[in-house]
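The next block holds one structure in the form of structure tokens; read it before the comments.
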Amino acid sequence: MSIVAIVGRPNVGKSTFFNRLIQRREAIVDAVSGVTRDRHYGKSDWNGKKFSLIDTGGYVKGSDDIFEAEIDKQVELAIDEADAIIFMVDVETGVTGMDEDVAKLLRKSQKPVFLAVNKVDSATRVNDALEFYALGFENQYNLSSISGSGTGDLLDDLVKVLPEAPDKEEDELPRFAVVGRPNAGKSSFINALIGEDRYIVTDVAGTTRDSMDTKYNRFGFEFNLVDTAGIRKKSKVKEDLEFYSVMRSVRAIEHCDVVVLVFDATRGFDGQVQNIFWLAHRNNKGIVILANKWDLVEKDNHSVKDFEKYVREQCEPFVDVPIVFISALTKQRIYKAIETAVEVYENRTKKVKTSVLNEVMLPIIQAYPPPQHKGKYVKIKFCTQLPTPYPSFVFFANLPQYVKDPYKRFLENKLRENFDFTGAPVTVYIRKK
Ligand code: GDP
Ligand code: GDP
């Protein structure tokens, strides 16, 4: 999926615009050197073309100097990462020095830039907007983020420059994305598996690549290992490492089948790791958690159990996820990790025959039917698995609206108990028969 970044000074209306466009908001909280910044990304589509939108807002408050440096960084990040950039300015303030600086940086880049002159709420402001042509962009769009006027014209042109999503090839290999925070040990893990330092080999100066794929064969199973660690090593924007790597993870997660989430067991399953975990979950991916650097953890008889319990508590209610304790350094259990990822892949693509499904589930439902609602009985007579890329099941009922979430969770748990979907998402729908 393409990435579109919105850049511009504070208060020009970036988040207003962002919120208008996105359907689902994902918070990326970025804690660097004690300063917490909120940045957001979300999904949007226009004329059937889907894209991820990044709001690069959330600036560090401080002197103007810091301010400007910060905005420069955001712009560099956008130039590196985005397929197209929306540069937002504010007609109320007119062209400012900071706008000119940003414009200079953007004009030097090869990326398509769409100048959005915001807060053009009335006809008189259309005239005021003319001064922004001085910034030197061909594509200028007058709009009002609050009312939405003019946004359609911008989006019409924007989606035209976004690359077409490649058609998924029939024989495309399963994709396992290795994600996690910086220094969790992602590259060590991949290098331990493939036994060489590929960064030196494949490092092509001046190119930005998403992530690196390594075709990998193990246990007679062939798949692509997607490495999200490689590129950020040459980022010029060191302070943005965290955000950078999260963005990279976001893309890799969206395009994979199984997320291999590596975290540093000496640091814990913290908020940033949890963000990635939920992102994977919301995207309906398979998940394997790798507690890495286990060689550094002092162990007694309870360690694994206690640690596992602690991690699962952070994952609630999605606790049916495998956790493997590994050391990328000593290679302890690294093949077990891959084997587990393969199992999760198989669980996620598992298809249960309708006859078997009904044979197992109907007696369970009969023994423990949905609770009565307003004196009415809910009857579930039949269920089947849907042909989706991840397990989802539909249960047909006479009064589907009376089946509430706790009962759906009960059905999910019974499906998990009986068919083993460990590491895979399971979605339950109740429909009118
Ligand atoms: P950001 O800092 O660039 O993300 O800016 P915000 O989205 O927070 O907006 C800053 C202020 O501008 C808020 O008070 C908004 O209500 C206001 N604003 C945003 N878009 C418009 C617009 O199209 N017209 C007007 N009049 N005000 C707007
Ligand atoms: P990445 O940023 O997630 O790719 O992390 P790296 O693979 O670059 O690892 C970060 C640091 O942690 C390096 O100094 C590694 O040597 C170290 N490291 C990685 N895995 C392990 C491990 O299992 N045990 C120990 N002791 N150190 C590790």
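By convention in this document, the chains of the structure tokens carry letters A, B, ... by their order, each chain's residues are numbered from 1, and ligands are numbered from 1 in the order they are shown.
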Check which residues of chain A sit at most 10 Å from ligand 2 using only C-alpha atoms and all ligand atoms, and return one row each with the closest pair of atoms and their distance in Å to one decimal, ordered by chain and rising number, as CSV.
```
residue,atom,partner,partner_atom_place_in_ligand_line,distance
A:Val178,CA,ligand 2,3 (O),8.9
A:Val179,CA,ligand 2,3 (O),7.7
A:Gly180,CA,ligand 2,3 (O),6.4
A:Arg181,CA,ligand 2,3 (O),6.0
A:Pro182,CA,ligand 2,2 (O),3.8
A:Asn183,CA,ligand 2,2 (O),3.4
A:Ala184,CA,ligand 2,3 (O),3.9
A:Gly185,CA,ligand 2,5 (O),3.3
A:Lys186,CA,ligand 2,3 (O),3.6
A:Ser187,CA,ligand 2,4 (O),3.7
A:Ser188,CA,ligand 2,7 (O),3.6
A:Phe189,CA,ligand 2,7 (O),6.3
A:Ile190,CA,ligand 2,7 (O),8.0
A:Asn191,CA,ligand 2,7 (O),8.1
A:Ala192,CA,ligand 2,20 (N),9.3
A:Asp227,CA,ligand 2,4 (O),8.7
A:Thr228,CA,ligand 2,4 (O),7.9
A:Ala229,CA,ligand 2,4 (O),4.8
A:Gly230,CA,ligand 2,4 (O),7.1
A:Ile231,CA,ligand 2,4 (O),10.0
A:Arg232,CA,ligand 2,2 (O),8.8
A:Lys233,CA,ligand 2,2 (O),8.2
A:Leu241,CA,ligand 2,2 (O),9.8
A:Ser245,CA,ligand 2,2 (O),9.0
A:Val262,CA,ligand 2,3 (O),7.5
A:Phe263,CA,ligand 2,3 (O),8.0
A:Asp264,CA,ligand 2,20 (N),7.9
A:Ala265,CA,ligand 2,23 (O),9.1
A:Thr266,CA,ligand 2,26 (N),9.4
A:Ala291,CA,ligand 2,23 (O),8.8
A:Asn292,CA,ligand 2,23 (O),5.1
A:Lys293,CA,ligand 2,23 (O),3.4
A:Trp294,CA,ligand 2,23 (O),6.1
A:Asp295,CA,ligand 2,24 (N),5.7
A:Leu296,CA,ligand 2,26 (N),5.5
A:Val297,CA,ligand 2,26 (N),9.0
A:Phe325,CA,ligand 2,23 (O),9.4
A:Ile326,CA,ligand 2,23 (O),6.4
A:Ser327,CA,ligand 2,23 (O),3.3
A:Ala328,CA,ligand 2,23 (O),3.8
A:Leu329,CA,ligand 2,23 (O),4.2
A:Thr330,CA,ligand 2,23 (O),6.5
A:Lys331,CA,ligand 2,23 (O),7.4
A:Gln332,CA,ligand 2,23 (O),8.1
A:Ile334,CA,ligand 2,23 (O),9.6
```
List every residue of chain A that has an atom at most 6 Å from any atom of ligand 1, and for each one report the closest atom pair and its distance in Å to one decimal, counting only C-alpha atoms and all ligand atoms, with rows sorted by chain and then by increasing residue number, as CSV.
```
residue,atom,partner,partner_atom_place_in_ligand_line,distance
A:Pro10,CA,ligand 1,2 (O),3.8
A:Asn11,CA,ligand 1,2 (O),3.4
A:Val12,CA,ligand 1,3 (O),4.1
A:Gly13,CA,ligand 1,5 (O),3.2
A:Lys14,CA,ligand 1,3 (O),3.7
A:Ser15,CA,ligand 1,4 (O),3.7
A:Thr16,CA,ligand 1,7 (O),3.7
A:Gly57,CA,ligand 1,4 (O),5.6
A:Asn118,CA,ligand 1,23 (O),5.3
A:Lys119,CA,ligand 1,24 (N),3.5
A:Asp121,CA,ligand 1,24 (N),5.7
A:Ser144,CA,ligand 1,23 (O),3.4
A:Ser145,CA,ligand 1,23 (O),3.7
A:Ile146,CA,ligand 1,23 (O),4.1
```
Margin query: Here is a test: counting only C-alpha atoms, which residue of A:Thr422, A:Asn19, A:Gln401, A:Asn284 is nearest to Ile54 in chain A?
Written below: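 Using only C-alpha atoms, Ile54 in chain A sits closest to A:Asn19.
Near range 92-104 of chain A, within 8 Å and counting only C-alpha atoms, sit Gly8, Arg9, Glu68, Ile71, Asp72, Val75, Lys119, Asp128, Ala129, Glu131, Phe132, Leu135 and Gly136 of chain A, not including residues fewer than 6 positions from it in the same chain.
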Writer output for current selection, N, CA, C and O atoms, as a PDB file, in the first residue's frame:
```pdb
ATOM      1  N   GLY A   8       3.888  20.098   7.223  1.00  0.00           N
ATOM      2  CA  GLY A   8       3.564  21.515   7.316  1.00  0.00           C
ATOM      3  C   GLY A   8       3.753  21.995   8.731  1.00  0.00           C
ATOM      4  O   GLY A   8       3.936  21.204   9.654  1.00  0.00           O
ATOM      5  N   ARG A   9       3.689  23.324   8.888  1.00  0.00           N
ATOM      6  CA  ARG A   9       3.854  23.924  10.213  1.00  0.00           C
ATOM      7  C   ARG A   9       2.715  23.481  11.132  1.00  0.00           C
ATOM      8  O   ARG A   9       1.667  23.070  10.655  1.00  0.00           O
ATOM      9  N   GLU A  68      12.165  24.412  14.134  1.00  0.00           N
ATOM     10  CA  GLU A  68      12.485  24.331  12.721  1.00  0.00           C
ATOM     11  C   GLU A  68      13.244  23.058  12.392  1.00  0.00           C
ATOM     12  O   GLU A  68      12.966  22.397  11.397  1.00  0.00           O
ATOM     13  N   ILE A  71      10.811  20.260  12.187  1.00  0.00           N
ATOM     14  CA  ILE A  71      10.013  20.201  10.961  1.00  0.00           C
ATOM     15  C   ILE A  71      10.861  19.708   9.794  1.00  0.00           C
ATOM     16  O   ILE A  71      10.407  18.900   8.982  1.00  0.00           O
ATOM     17  N   ASP A  72      12.104  20.154   9.745  1.00  0.00           N
ATOM     18  CA  ASP A  72      13.007  19.652   8.702  1.00  0.00           C
ATOM     19  C   ASP A  72      13.098  18.133   8.751  1.00  0.00           C
ATOM     20  O   ASP A  72      13.111  17.464   7.735  1.00  0.00           O
ATOM     21  N   VAL A  75      10.075  16.486   7.407  1.00  0.00           N
ATOM     22  CA  VAL A  75      10.010  16.573   5.953  1.00  0.00           C
ATOM     23  C   VAL A  75      10.968  15.562   5.329  1.00  0.00           C
ATOM     24  O   VAL A  75      10.616  14.869   4.377  1.00  0.00           O
ATOM     25  N   LYS A 119      -7.857  26.217   4.888  1.00  0.00           N
ATOM     26  CA  LYS A 119      -8.710  27.252   5.501  1.00  0.00           C
ATOM     27  C   LYS A 119      -9.239  28.227   4.463  1.00  0.00           C
ATOM     28  O   LYS A 119      -9.576  29.363   4.781  1.00  0.00           O
ATOM     29  N   ASP A 128      -6.662  35.380  -1.616  1.00  0.00           N
ATOM     30  CA  ASP A 128      -5.516  35.355  -0.697  1.00  0.00           C
ATOM     31  C   ASP A 128      -4.611  34.158  -0.987  1.00  0.00           C
ATOM     32  O   ASP A 128      -3.404  34.215  -0.784  1.00  0.00           O
ATOM     33  N   ALA A 129      -5.222  33.095  -1.460  1.00  0.00           N
ATOM     34  CA  ALA A 129      -4.461  31.850  -1.676  1.00  0.00           C
ATOM     35  C   ALA A 129      -3.468  31.980  -2.822  1.00  0.00           C
ATOM     36  O   ALA A 129      -2.519  31.206  -2.916  1.00  0.00           O
ATOM     37  N   GLU A 131      -1.114  33.943  -3.324  1.00  0.00           N
ATOM     38  CA  GLU A 131       0.282  34.241  -2.965  1.00  0.00           C
ATOM     39  C   GLU A 131       1.133  32.982  -2.790  1.00  0.00           C
ATOM     40  O   GLU A 131       2.351  33.032  -2.859  1.00  0.00           O
ATOM     41  N   PHE A 132       0.459  31.825  -2.573  1.00  0.00           N
ATOM     42  CA  PHE A 132       1.228  30.609  -2.346  1.00  0.00           C
ATOM     43  C   PHE A 132       1.876  30.057  -3.617  1.00  0.00           C
ATOM     44  O   PHE A 132       2.729  29.191  -3.542  1.00  0.00           O
ATOM     45  N   LEU A 135       5.582  29.773  -3.760  1.00  0.00           N
ATOM     46  CA  LEU A 135       6.359  28.644  -3.235  1.00  0.00           C
ATOM     47  C   LEU A 135       6.859  27.731  -4.355  1.00  0.00           C
ATOM     48  O   LEU A 135       7.704  26.864  -4.130  1.00  0.00           O
ATOM     49  N   GLY A 136       6.318  27.909  -5.522  1.00  0.00           N
ATOM     50  CA  GLY A 136       6.898  27.226  -6.676  1.00  0.00           C
ATOM     51  C   GLY A 136       6.393  25.818  -6.965  1.00  0.00           C
ATOM     52  O   GLY A 136       7.118  25.028  -7.559  1.00  0.00           O
TER      53      GLY A 136
END
```
Item checked: Which of range 41-227 of chain A DSSP labels strand (DSSP E or B), written as an MDAnalysis selection string -> chainID A and resid 41:46 49:55 84:90 113:118 140:142 175:179 212:218 221:227
Note to self: Can you tell me which residues surround Asn418 in chain A at a distance of at most 8 Å, considering only C-alpha atoms, apart from same-chain residues fewer than 3 positions away, and format the answer as a PyMOL selection string?
What the structure shows: chain A and resi 360+414-415
Next item on the list: Write out as a PyMOL selection string each polymer residue whose atoms come within 8 Å of Tyr141 in chain A, counting only C-alpha atoms; drop sequence neighbours fewer than 3 positions from it.
Entry: chain A and resi 114-117+150-151+153-154
Next item on the list: Name the residues of range 51-205 of chain A that fall into helix (DSSP H, G or I) according to DSSP on the backbone, using the chain letters and numbers of this document, as a ChimeraX atom specification.
Entry: /A:64-81,97-108,123-135,151-161,186-194,198-202
Notebook entry, point to check: For Val259 in chain A, which of A:Thr340, A:Gln272, A:Ser109, A:Thr214 is the closest residue, counting only C-alpha atoms?
Noted result: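 Closest to Val259 in chain A of all the choices is A:Thr340.
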Note to self: I'd like to know which of A:Val403, A:Leu77, A:Val159, A:Val113 is closest to Ser52 in chain A, using only C-alpha atoms.
What the structure shows: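 Going through A:Val403, A:Leu77, A:Val159, A:Val113 one by one, the smallest distance to Ser52 in chain A is for A:Val159.
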